[in-house]
Amino acid sequence: MPLKILNNKISDQREIDSTYAPSGSTIFQEKLEGRAKHEFGKEWIVIVWNDPVNLMTYVTFVFQKLFGYSKEEATSLMLDVHHKGKAVVSRGTKEKAELDVFQLHEYGLWATMRQD
């Protein structure tokens, strides 16, 4: 970042830029969330697709383990996958969706992501 002279002191741009805040601050988080919605559009969804390999009990287990769903919620989502061919199991930022898809693939499930 370029250095600037302010009140006879040399400082970097972050010290005089009113939009700068430490990464853990609320202001920074609000700016990121607002920017994400404005620049990147809607949130991302993760879709799990039916496959001929995984048992229904296993899919239910994975939903509980990865996403913290109750047994009832996980079973309902699994039945959507089984009967409708797919179910939305997660929503959020692009980075979160990428991680969720990666983890689902690690468990052997078929999953994709797209903007909602």
# chains A, B, ... in the order shown; residues from 1 in each chain; ligands from 1

call {"tool": "residues_around", "arguments": {"residues": "Thr57 (chain A)", "least_positions_apart": "4", "cutoff": "9 Å", "atoms": "only C-alpha atoms", "output": "ChimeraX atom specification"}}
result
/A:61-62,75,78

call {"tool": "residues_around", "arguments": {"residues": "region 109-116 of chain A", "least_positions_apart": "4", "cutoff": "6 Å", "atoms": "only C-alpha atoms", "output": "ChimeraX atom specification"}}
result
/A:42-49,101,104-105

call {"tool": "write_last_selection", "arguments": {"atoms": "C-alpha atoms", "output": "mmCIF file, in the first residue's frame"}}
result
data_model
loop_
_atom_site.group_PDB
_atom_site.id
_atom_site.type_symbol
_atom_site.label_atom_id
_atom_site.label_comp_id
_atom_site.auth_asym_id
_atom_site.auth_seq_id
_atom_site.Cartn_x
_atom_site.Cartn_y
_atom_site.Cartn_z
ATOM 1 C CA LYS A 42 -27.085 -14.072 -4.848
ATOM 2 C CA GLU A 43 -25.813 -16.673 -2.448
ATOM 3 C CA TRP A 44 -24.548 -20.078 -3.541
ATOM 4 C CA ILE A 45 -26.343 -23.364 -2.971
ATOM 5 C CA VAL A 46 -24.976 -26.884 -2.692
ATOM 6 C CA ILE A 47 -26.995 -29.643 -4.350
ATOM 7 C CA VAL A 48 -26.604 -33.343 -3.599
ATOM 8 C CA TRP A 49 -27.688 -35.648 -6.421
ATOM 9 C CA VAL A 101 -18.916 -29.720 -2.227
ATOM 10 C CA LEU A 104 -19.292 -34.195 0.144
ATOM 11 C CA HIS A 105 -17.050 -35.547 -2.623
#

call {"tool": "residues_around", "arguments": {"residues": "Val53 (chain A)", "least_positions_apart": "3", "cutoff": "10 Å", "atoms": "only C-alpha atoms", "output": "PDB file with N, CA and C atoms, in the first residue's frame"}}
result
ATOM      1  N   ASN A  50     -28.896 -37.727  -6.470  1.00  0.00           N
ATOM      2  CA  ASN A  50     -29.094 -39.155  -6.230  1.00  0.00           C
ATOM      3  C   ASN A  50     -28.048 -39.957  -6.997  1.00  0.00           C
ATOM      4  N   MET A  56     -29.027 -45.128   1.796  1.00  0.00           N
ATOM      5  CA  MET A  56     -29.764 -44.002   2.359  1.00  0.00           C
ATOM      6  C   MET A  56     -29.292 -43.685   3.775  1.00  0.00           C
ATOM      7  N   GLY A 108     -17.836 -39.376  -0.886  1.00  0.00           N
ATOM      8  CA  GLY A 108     -18.315 -40.180  -2.005  1.00  0.00           C
ATOM      9  C   GLY A 108     -19.687 -39.812  -2.536  1.00  0.00           C
ATOM     10  N   LEU A 109     -20.209 -38.653  -2.137  1.00  0.00           N
ATOM     11  CA  LEU A 109     -21.518 -38.231  -2.636  1.00  0.00           C
ATOM     12  C   LEU A 109     -21.352 -37.354  -3.869  1.00  0.00           C
TER      13      LEU A 109
END

call {"tool": "atom_distance", "arguments": {"atom1": "CA of Phe102 (chain A)", "atom2": "CA of Gly41 (chain A)"}}
result
22.2 Å
